[in-house]
Each structure stands twice: as C-alpha cells, then as structure tokens.
file model_19.cif (mmCIF, C-alpha atoms and all ligand atoms)
data_target
#
loop_
_atom_site.label_atom_id
_atom_site.label_comp_id
_atom_site.auth_asym_id
_atom_site.auth_seq_id
_atom_site.Cartn_x
_atom_site.Cartn_y
_atom_site.Cartn_z
CA MET A 269 -0.37 -31.40 -14.47
CA ALA A 270 0.57 -28.88 -11.77
CA THR A 271 1.84 -30.18 -8.42
CA ASP A 272 0.16 -29.19 -5.15
CA LYS A 273 3.12 -26.91 -4.46
CA LEU A 274 2.63 -25.07 -7.74
CA LEU A 275 -1.15 -24.85 -7.25
CA GLU A 276 -0.53 -23.37 -3.79
CA LYS A 277 1.75 -20.75 -5.32
CA LEU A 278 -0.84 -19.96 -8.02
CA ASN A 279 -3.40 -19.50 -5.26
CA GLU A 280 -1.03 -17.16 -3.45
CA GLN A 281 -0.79 -15.08 -6.60
CA PHE A 282 -4.59 -15.06 -6.97
CA ASN A 283 -4.68 -13.46 -3.51
CA ASN A 284 -1.79 -11.10 -4.30
CA GLU A 285 -3.73 -9.75 -7.27
CA LEU A 286 -6.77 -9.11 -5.06
CA GLN A 287 -4.48 -7.41 -2.54
CA SER A 288 -3.17 -5.21 -5.37
CA ALA A 289 -6.76 -4.25 -6.25
CA TYR A 290 -7.35 -3.34 -2.62
CA ILE A 291 -4.16 -1.25 -2.38
CA TYR A 292 -5.20 0.72 -5.49
CA LEU A 293 -8.71 1.15 -4.14
CA GLY A 294 -7.13 2.70 -1.00
CA MET A 295 -5.14 5.07 -3.24
CA ALA A 296 -8.28 5.94 -5.24
CA ALA A 297 -10.05 6.80 -1.98
CA TYR A 298 -7.14 9.05 -1.00
CA PHE A 299 -7.29 10.89 -4.35
CA SER A 300 -11.08 11.24 -4.07
CA SER A 301 -10.66 12.77 -0.62
CA GLU A 302 -8.28 15.30 -2.21
CA ASN A 303 -10.96 16.16 -4.84
CA MET A 304 -8.80 14.86 -7.67
CA ASN A 305 -11.29 12.76 -9.57
CA GLY A 306 -9.01 12.03 -12.52
CA PHE A 307 -6.36 10.48 -10.27
CA ALA A 308 -9.11 8.59 -8.42
CA HIS A 309 -10.56 7.36 -11.71
CA PHE A 310 -7.11 6.17 -12.83
CA MET A 311 -6.62 4.18 -9.62
CA ASN A 312 -10.14 2.75 -9.69
CA GLU A 313 -9.48 1.51 -13.22
CA GLN A 314 -6.21 0.03 -11.95
CA ALA A 315 -8.08 -1.73 -9.13
CA LYS A 316 -10.53 -3.18 -11.70
CA GLU A 317 -7.62 -4.45 -13.79
CA GLU A 318 -6.12 -6.15 -10.75
CA TYR A 319 -9.42 -7.88 -10.07
CA GLU A 320 -9.37 -9.11 -13.67
CA HIS A 321 -5.82 -10.40 -13.13
CA ALA A 322 -7.02 -12.31 -10.05
CA MET A 323 -9.83 -13.81 -12.12
CA LYS A 324 -7.36 -15.00 -14.75
CA PHE A 325 -5.66 -16.97 -11.95
CA TYR A 326 -9.08 -18.13 -10.72
CA LYS A 327 -9.91 -19.60 -14.12
CA PHE A 328 -6.47 -21.09 -14.65
CA ILE A 329 -6.38 -22.80 -11.21
CA ASN A 330 -9.76 -24.38 -12.02
CA ASP A 331 -8.62 -25.37 -15.51
CA MET A 332 -5.66 -27.14 -13.84
CA ASP A 333 -8.08 -29.06 -11.57
CA GLY A 334 -7.01 -27.05 -8.52
CA ARG A 335 -9.21 -25.28 -6.04
CA VAL A 336 -9.25 -21.52 -5.53
CA LEU A 337 -8.80 -20.56 -1.88
CA PRO A 338 -9.53 -16.87 -1.21
CA GLN A 339 -7.62 -15.54 1.82
CA ALA A 340 -8.14 -12.52 4.09
CA LEU A 341 -6.78 -9.27 2.65
CA GLU A 342 -4.82 -6.65 4.57
CA ALA A 343 -6.40 -3.22 5.02
CA PRO A 344 -4.76 -0.91 2.48
CA LYS A 345 -3.10 2.37 3.35
CA ASN A 346 -5.52 5.25 2.77
CA ASP A 347 -3.38 8.32 3.32
CA TYR A 348 -0.22 9.59 1.65
CA SER A 349 1.97 12.63 2.15
CA SER A 350 1.79 13.47 -1.57
CA PHE A 351 0.56 12.16 -4.92
CA LEU A 352 4.16 11.37 -5.77
CA GLU A 353 4.49 9.21 -2.66
CA ALA A 354 1.37 7.22 -3.64
CA PHE A 355 2.75 6.48 -7.11
CA GLU A 356 6.20 5.67 -5.76
CA GLU A 357 4.57 3.13 -3.47
CA ALA A 358 2.56 1.78 -6.42
CA LEU A 359 5.81 1.27 -8.34
CA ALA A 360 7.50 -0.45 -5.38
CA HIS A 361 4.44 -2.70 -5.06
CA GLU A 362 4.47 -3.60 -8.76
CA LYS A 363 8.17 -4.48 -8.54
CA LYS A 364 7.33 -6.92 -5.72
CA ILE A 365 4.54 -8.42 -7.83
CA THR A 366 6.89 -8.78 -10.80
CA ALA A 367 9.35 -10.66 -8.57
CA LYS A 368 6.52 -12.98 -7.46
CA ILE A 369 5.51 -13.69 -11.06
CA TYR A 370 9.15 -14.52 -11.86
CA GLU A 371 9.33 -16.89 -8.85
CA LEU A 372 6.16 -18.57 -10.05
CA LEU A 373 7.59 -18.96 -13.55
CA ASP A 374 10.85 -20.38 -12.10
CA MET A 375 8.82 -22.97 -10.20
CA ALA A 376 6.72 -23.84 -13.28
CA LEU A 377 9.88 -24.34 -15.33
CA GLU A 378 11.50 -26.46 -12.59
CA GLU A 379 8.41 -28.65 -12.56
CA LYS A 380 8.26 -28.66 -16.36
CA CYS A 381 4.67 -27.44 -16.20
CA HIS A 382 4.45 -25.87 -19.64
CA ALA A 383 0.78 -24.90 -19.30
CA THR A 384 1.62 -22.71 -16.29
CA ALA A 385 4.74 -21.31 -17.95
CA HIS A 386 2.66 -20.39 -21.00
CA PHE A 387 -0.13 -18.88 -18.87
CA LEU A 388 2.40 -16.65 -17.06
CA GLN A 389 3.78 -15.10 -20.25
CA TRP A 390 0.86 -12.65 -20.40
CA PHE A 391 1.70 -11.51 -16.85
CA ILE A 392 5.38 -11.01 -17.66
CA GLU A 393 4.41 -8.51 -20.37
CA GLU A 394 1.68 -6.93 -18.26
CA GLN A 395 4.10 -6.28 -15.38
CA LEU A 396 6.54 -4.56 -17.71
CA GLU A 397 3.73 -2.36 -19.05
CA GLU A 398 2.39 -1.52 -15.58
CA GLU A 399 5.80 -0.61 -14.19
CA ASN A 400 6.50 1.62 -17.18
CA SER A 401 3.17 3.42 -17.08
CA ILE A 402 3.68 4.18 -13.36
CA LYS A 403 7.24 5.37 -14.06
CA ASP A 404 5.84 7.79 -16.69
CA ILE A 405 3.42 9.22 -14.12
CA ILE A 406 6.20 9.57 -11.53
CA PHE A 407 8.26 11.48 -14.11
CA VAL A 408 5.41 13.96 -14.68
CA LEU A 409 4.65 14.31 -10.94
CA LYS A 410 8.30 15.11 -10.24
CA GLY A 411 8.10 17.85 -12.88
CA ILE A 412 4.86 19.23 -11.41
CA ASP A 413 6.54 19.26 -7.99
CA GLY A 414 3.31 19.65 -6.01
CA ASN A 415 2.15 22.71 -7.97
CA PHE A 416 -1.67 22.91 -7.79
CA ASN A 417 -2.19 24.09 -11.37
CA GLY A 418 -0.01 21.33 -12.69
CA LEU A 419 -1.81 18.69 -10.63
CA TYR A 420 -5.19 20.08 -11.68
CA LEU A 421 -4.35 19.84 -15.39
CA TYR A 422 -2.79 16.40 -15.02
CA ASP A 423 -5.89 15.26 -13.14
CA LYS A 424 -7.95 16.04 -16.28
CA GLU A 425 -5.56 13.97 -18.38
CA LEU A 426 -5.59 10.94 -16.05
CA GLY A 427 -9.38 11.11 -16.00
CA GLN A 428 -9.31 10.11 -19.70
CA ARG A 429 -7.96 6.63 -18.94
FE1 LIG B 1 -1.65 -7.54 -11.49
O1 LIG B 1 -0.48 -6.31 -12.05
FE2 LIG B 1 -0.33 -5.00 -10.76
O2 LIG B 1 -0.17 -5.95 -9.26
#

call {"tool": "encode", "arguments": {"input": "model_19.cif", "output": "structure tokens", "more": "lines below"}}
Ligand code: OFO
result
Amino acid sequence: MATDKLLEKLNEQFNNELQSAYIYLGMAAYFSSENMNGFAHFMNEQAKEEYEHAMKFYKFINDMDGRVLPQALEAPKNDYSSFLEAFEEALAHEKKITAKIYELLDMALEEKCHATAHFLQWFIEEQLEEENSIKDIIFVLKGIDGNFNGLYLYDKELGQR
C-alpha cells in the first residue's frame, strides 16, 4: 500500500500532467494564431495525450485507495518568438517531467511499493518517446530555419498526426 507521502507525490504528478496539457494548449493557440493548422493540430493532440496521462494517475490513485486532489493550474505562455522556440520549450518541459517521473519511481522503490513502480514503467517509456519525437521536430525546424515554404510544407505533414 502506498504511503501518504507517495500518494501526495502521485497527486502532484496528476496535476503536472494537466499542466502539461495546458502548456501544449497554449502552444496550439499560438500556432493557430499564426495560421499553421498542422502545428496547432499536433499540439492539440499532444494536449489530449497529456490529459490521458493525468487520467491514468487519476485511476491509479483511486485504485491505491487515495484521493485525487486537483490543484489550480498556471496560465500557459501563449506567444513565442518562433516555432523553434516553442518546440525547444516543449523539450525543456518534457525533460523536467521525465525528472519528476524518475523522482517518483525513486520514492516508490524506497518505499518498496511495487504497484507504483510497475505503474510508472509505462511513463518511463512514454517520456523517452515524447522527448525523441520533439527532438526530431526540432531537427527539422532548424533545417527549415524560419523559411515560409518549408514551414508551410511541414505544417501539412504535422497535420497528419
Ligand atoms: Fe505526460 O508526457 Fe509530456 O508531459
């Protein structure tokens, strides 16, 4: 059974996932305002995934007889100097989230809570995938180097997500 300390940390992560959704929604709104619907679609899908991640924590906290405590979210940034900047910030954010998942796993292992350690395995893989998919986009955006034609074509590709 999870300790109160571990349940509190799981709750924190539930809120972090919602905050991630909100950050990506802010980025989607920025891309929409730039008339790049493929980029906006990509970020809206990302926001939906983050909500699903939060709901995995929601279910798990309940399964562990804890109580989910939603907290206030911070207003996300809604303007960026470039598309590259937005994705670089997304990568920096995901790295922070990965570190939080690792901390959570460290705590679960310290407390010998195998159910939590097992639950977190999915997130360890997911973080690796997310970081890598953002790195791929950053690579392409660096190549495009702000060129409108390049962005326009890449927008069509990201719209396929
Ligand atoms: Fe939930 O993976 Fe991103 O933050």

call {"tool": "closest_residue", "arguments": {"input": "model_19.cif", "among": "A:Phe310, A:Tyr292, A:Tyr326, A:Tyr422", "to": "ligand LIG 1 (chain B)", "atoms": "only C-alpha atoms and all ligand atoms"}}
result
A:Tyr292

call {"tool": "axis_aligned_box", "arguments": {"input": "model_19.cif", "around": "ligand LIG 1 (chain B)", "padding_each_side": "8 Å", "output": "lines of an AutoDock Vina configuration file"}}
result
center_x = -0.9
center_y = -6.3
center_z = -10.7
size_x = 17.5
size_y = 18.5
size_z = 18.8

call {"tool": "closest_atom_pairs", "arguments": {"input": "model_19.cif", "of": "chain A", "to": "ligand LIG 1 (chain B)", "cutoff": "12 Å", "atoms": "all atoms listed in the file", "output": "Markdown table"}}
result
| residue | atom | partner | partner_atom | distance |
| --- | --- | --- | --- | --- |
| A:Gln281 | CA | B:LIG1 | FE1 | 9.0 |
| A:Phe282 | CA | B:LIG1 | FE1 | 9.3 |
| A:Asn283 | CA | B:LIG1 | FE1 | 10.4 |
| A:Asn284 | CA | B:LIG1 | O2 | 7.3 |
| A:Glu285 | CA | B:LIG1 | FE1 | 5.2 |
| A:Leu286 | CA | B:LIG1 | FE1 | 8.4 |
| A:Gln287 | CA | B:LIG1 | O2 | 8.1 |
| A:Ser288 | CA | B:LIG1 | O2 | 5.0 |
| A:Ala289 | CA | B:LIG1 | O2 | 7.4 |
| A:Tyr290 | CA | B:LIG1 | O2 | 10.1 |
| A:Ile291 | CA | B:LIG1 | O2 | 9.2 |
| A:Tyr292 | CA | B:LIG1 | O2 | 9.2 |
| A:Met311 | CA | B:LIG1 | FE2 | 11.2 |
| A:Glu313 | CA | B:LIG1 | FE2 | 11.5 |
| A:Gln314 | CA | B:LIG1 | FE2 | 7.8 |
| A:Ala315 | CA | B:LIG1 | FE2 | 8.6 |
| A:Lys316 | CA | B:LIG1 | FE1 | 9.9 |
| A:Glu317 | CA | B:LIG1 | FE1 | 7.1 |
| A:Glu318 | CA | B:LIG1 | FE1 | 4.7 |
| A:Tyr319 | CA | B:LIG1 | FE1 | 7.9 |
| A:Glu320 | CA | B:LIG1 | FE1 | 8.2 |
| A:His321 | CA | B:LIG1 | FE1 | 5.3 |
| A:Ala322 | CA | B:LIG1 | FE1 | 7.3 |
| A:Met323 | CA | B:LIG1 | FE1 | 10.3 |
| A:Lys324 | CA | B:LIG1 | FE1 | 9.9 |
| A:Phe325 | CA | B:LIG1 | FE1 | 10.3 |
| A:Glu357 | CA | B:LIG1 | O2 | 11.8 |
| A:Ala358 | CA | B:LIG1 | FE2 | 8.6 |
| A:Leu359 | CA | B:LIG1 | FE2 | 9.1 |
| A:Ala360 | CA | B:LIG1 | O2 | 10.2 |
| A:His361 | CA | B:LIG1 | O2 | 7.0 |
| A:Glu362 | CA | B:LIG1 | O2 | 5.2 |
| A:Lys363 | CA | B:LIG1 | O2 | 8.5 |
| A:Lys364 | CA | B:LIG1 | O2 | 8.3 |
| A:Ile365 | CA | B:LIG1 | O2 | 5.5 |
| A:Thr366 | CA | B:LIG1 | O2 | 7.8 |
| A:Ala367 | CA | B:LIG1 | O2 | 10.6 |
| A:Lys368 | CA | B:LIG1 | O2 | 9.9 |
| A:Ile369 | CA | B:LIG1 | FE1 | 9.4 |
| A:Leu388 | CA | B:LIG1 | FE1 | 11.4 |
| A:Trp390 | CA | B:LIG1 | O1 | 10.6 |
| A:Phe391 | CA | B:LIG1 | O1 | 7.4 |
| A:Ile392 | CA | B:LIG1 | O1 | 9.4 |
| A:Glu393 | CA | B:LIG1 | O1 | 9.9 |
| A:Glu394 | CA | B:LIG1 | O1 | 6.6 |
| A:Gln395 | CA | B:LIG1 | O1 | 5.7 |
| A:Leu396 | CA | B:LIG1 | O1 | 9.2 |
| A:Glu397 | CA | B:LIG1 | O1 | 9.1 |
| A:Glu398 | CA | B:LIG1 | FE2 | 6.5 |
| A:Glu399 | CA | B:LIG1 | FE2 | 8.3 |
| A:Asn400 | CA | B:LIG1 | FE2 | 11.5 |
| A:Ser401 | CA | B:LIG1 | FE2 | 11.1 |
| A:Ile402 | CA | B:LIG1 | FE2 | 10.3 |

call {"tool": "write_last_selection", "arguments": {"input": "model_19.cif", "atoms": "C-alpha atoms", "output": "mmCIF file, keeping the file's coordinate frame"}}
result
data_model
loop_
_atom_site.group_PDB
_atom_site.id
_atom_site.type_symbol
_atom_site.label_atom_id
_atom_site.label_comp_id
_atom_site.auth_asym_id
_atom_site.auth_seq_id
_atom_site.Cartn_x
_atom_site.Cartn_y
_atom_site.Cartn_z
ATOM 1 C CA GLN A 281 -0.790 -15.080 -6.600
ATOM 2 C CA PHE A 282 -4.590 -15.060 -6.970
ATOM 3 C CA ASN A 283 -4.680 -13.460 -3.510
ATOM 4 C CA ASN A 284 -1.790 -11.100 -4.300
ATOM 5 C CA GLU A 285 -3.730 -9.750 -7.270
ATOM 6 C CA LEU A 286 -6.770 -9.110 -5.060
ATOM 7 C CA GLN A 287 -4.480 -7.410 -2.540
ATOM 8 C CA SER A 288 -3.170 -5.210 -5.370
ATOM 9 C CA ALA A 289 -6.760 -4.250 -6.250
ATOM 10 C CA TYR A 290 -7.350 -3.340 -2.620
ATOM 11 C CA ILE A 291 -4.160 -1.250 -2.380
ATOM 12 C CA TYR A 292 -5.200 0.720 -5.490
ATOM 13 C CA MET A 311 -6.620 4.180 -9.620
ATOM 14 C CA GLU A 313 -9.480 1.510 -13.220
ATOM 15 C CA GLN A 314 -6.210 0.030 -11.950
ATOM 16 C CA ALA A 315 -8.080 -1.730 -9.130
ATOM 17 C CA LYS A 316 -10.530 -3.180 -11.700
ATOM 18 C CA GLU A 317 -7.620 -4.450 -13.790
ATOM 19 C CA GLU A 318 -6.120 -6.150 -10.750
ATOM 20 C CA TYR A 319 -9.420 -7.880 -10.070
ATOM 21 C CA GLU A 320 -9.370 -9.110 -13.670
ATOM 22 C CA HIS A 321 -5.820 -10.400 -13.130
ATOM 23 C CA ALA A 322 -7.020 -12.310 -10.050
ATOM 24 C CA MET A 323 -9.830 -13.810 -12.120
ATOM 25 C CA LYS A 324 -7.360 -15.000 -14.750
ATOM 26 C CA PHE A 325 -5.660 -16.970 -11.950
ATOM 27 C CA GLU A 357 4.570 3.130 -3.470
ATOM 28 C CA ALA A 358 2.560 1.780 -6.420
ATOM 29 C CA LEU A 359 5.810 1.270 -8.340
ATOM 30 C CA ALA A 360 7.500 -0.450 -5.380
ATOM 31 C CA HIS A 361 4.440 -2.700 -5.060
ATOM 32 C CA GLU A 362 4.470 -3.600 -8.760
ATOM 33 C CA LYS A 363 8.170 -4.480 -8.540
ATOM 34 C CA LYS A 364 7.330 -6.920 -5.720
ATOM 35 C CA ILE A 365 4.540 -8.420 -7.830
ATOM 36 C CA THR A 366 6.890 -8.780 -10.800
ATOM 37 C CA ALA A 367 9.350 -10.660 -8.570
ATOM 38 C CA LYS A 368 6.520 -12.980 -7.460
ATOM 39 C CA ILE A 369 5.510 -13.690 -11.060
ATOM 40 C CA LEU A 388 2.400 -16.650 -17.060
ATOM 41 C CA TRP A 390 0.860 -12.650 -20.400
ATOM 42 C CA PHE A 391 1.700 -11.510 -16.850
ATOM 43 C CA ILE A 392 5.380 -11.010 -17.660
ATOM 44 C CA GLU A 393 4.410 -8.510 -20.370
ATOM 45 C CA GLU A 394 1.680 -6.930 -18.260
ATOM 46 C CA GLN A 395 4.100 -6.280 -15.380
ATOM 47 C CA LEU A 396 6.540 -4.560 -17.710
ATOM 48 C CA GLU A 397 3.730 -2.360 -19.050
ATOM 49 C CA GLU A 398 2.390 -1.520 -15.580
ATOM 50 C CA GLU A 399 5.800 -0.610 -14.190
ATOM 51 C CA ASN A 400 6.500 1.620 -17.180
ATOM 52 C CA SER A 401 3.170 3.420 -17.080
ATOM 53 C CA ILE A 402 3.680 4.180 -13.360
#

call {"tool": "atom_distance", "arguments": {"input": "model_19.cif", "atom1": "CA of Glu425 in chain A", "atom2": "CA of Gly306 in chain A"}}
result
7.1 Å

call {"tool": "atom_distance", "arguments": {"input": "model_19.cif", "atom1": "CA of His386 in chain A", "atom2": "CA of Glu371 in chain A"}}
result
14.3 Å

call {"tool": "closest_residue", "arguments": {"input": "model_19.cif", "among": "A:Leu421, A:Leu426, A:Leu274, A:Met295", "to": "Pro344 in chain A", "atoms": "all atoms listed in the file"}}
result
A:Met295

call {"tool": "closest_residue", "arguments": {"input": "model_19.cif", "among": "A:Asn346, A:Asn415, A:Asn312, A:Gln339", "to": "Gly427 in chain A", "atoms": "only C-alpha atoms"}}
result
A:Asn312

call {"tool": "atom_distance", "arguments": {"input": "model_19.cif", "atom1": "CA of Met332 in chain A", "atom2": "CA of Ala383 in chain A"}}
result
8.7 Å

call {"tool": "closest_residue", "arguments": {"input": "model_19.cif", "among": "A:Val336, A:Cys381, A:Leu352, A:Met375", "to": "Phe407 in chain A", "atoms": "all atoms listed in the file"}}
result
A:Leu352

call {"tool": "closest_residue", "arguments": {"input": "model_19.cif", "among": "A:Ser349, A:Gln389, A:Asn279, A:Asn330", "to": "Tyr298 in chain A", "atoms": "only C-alpha atoms"}}
result
A:Ser349
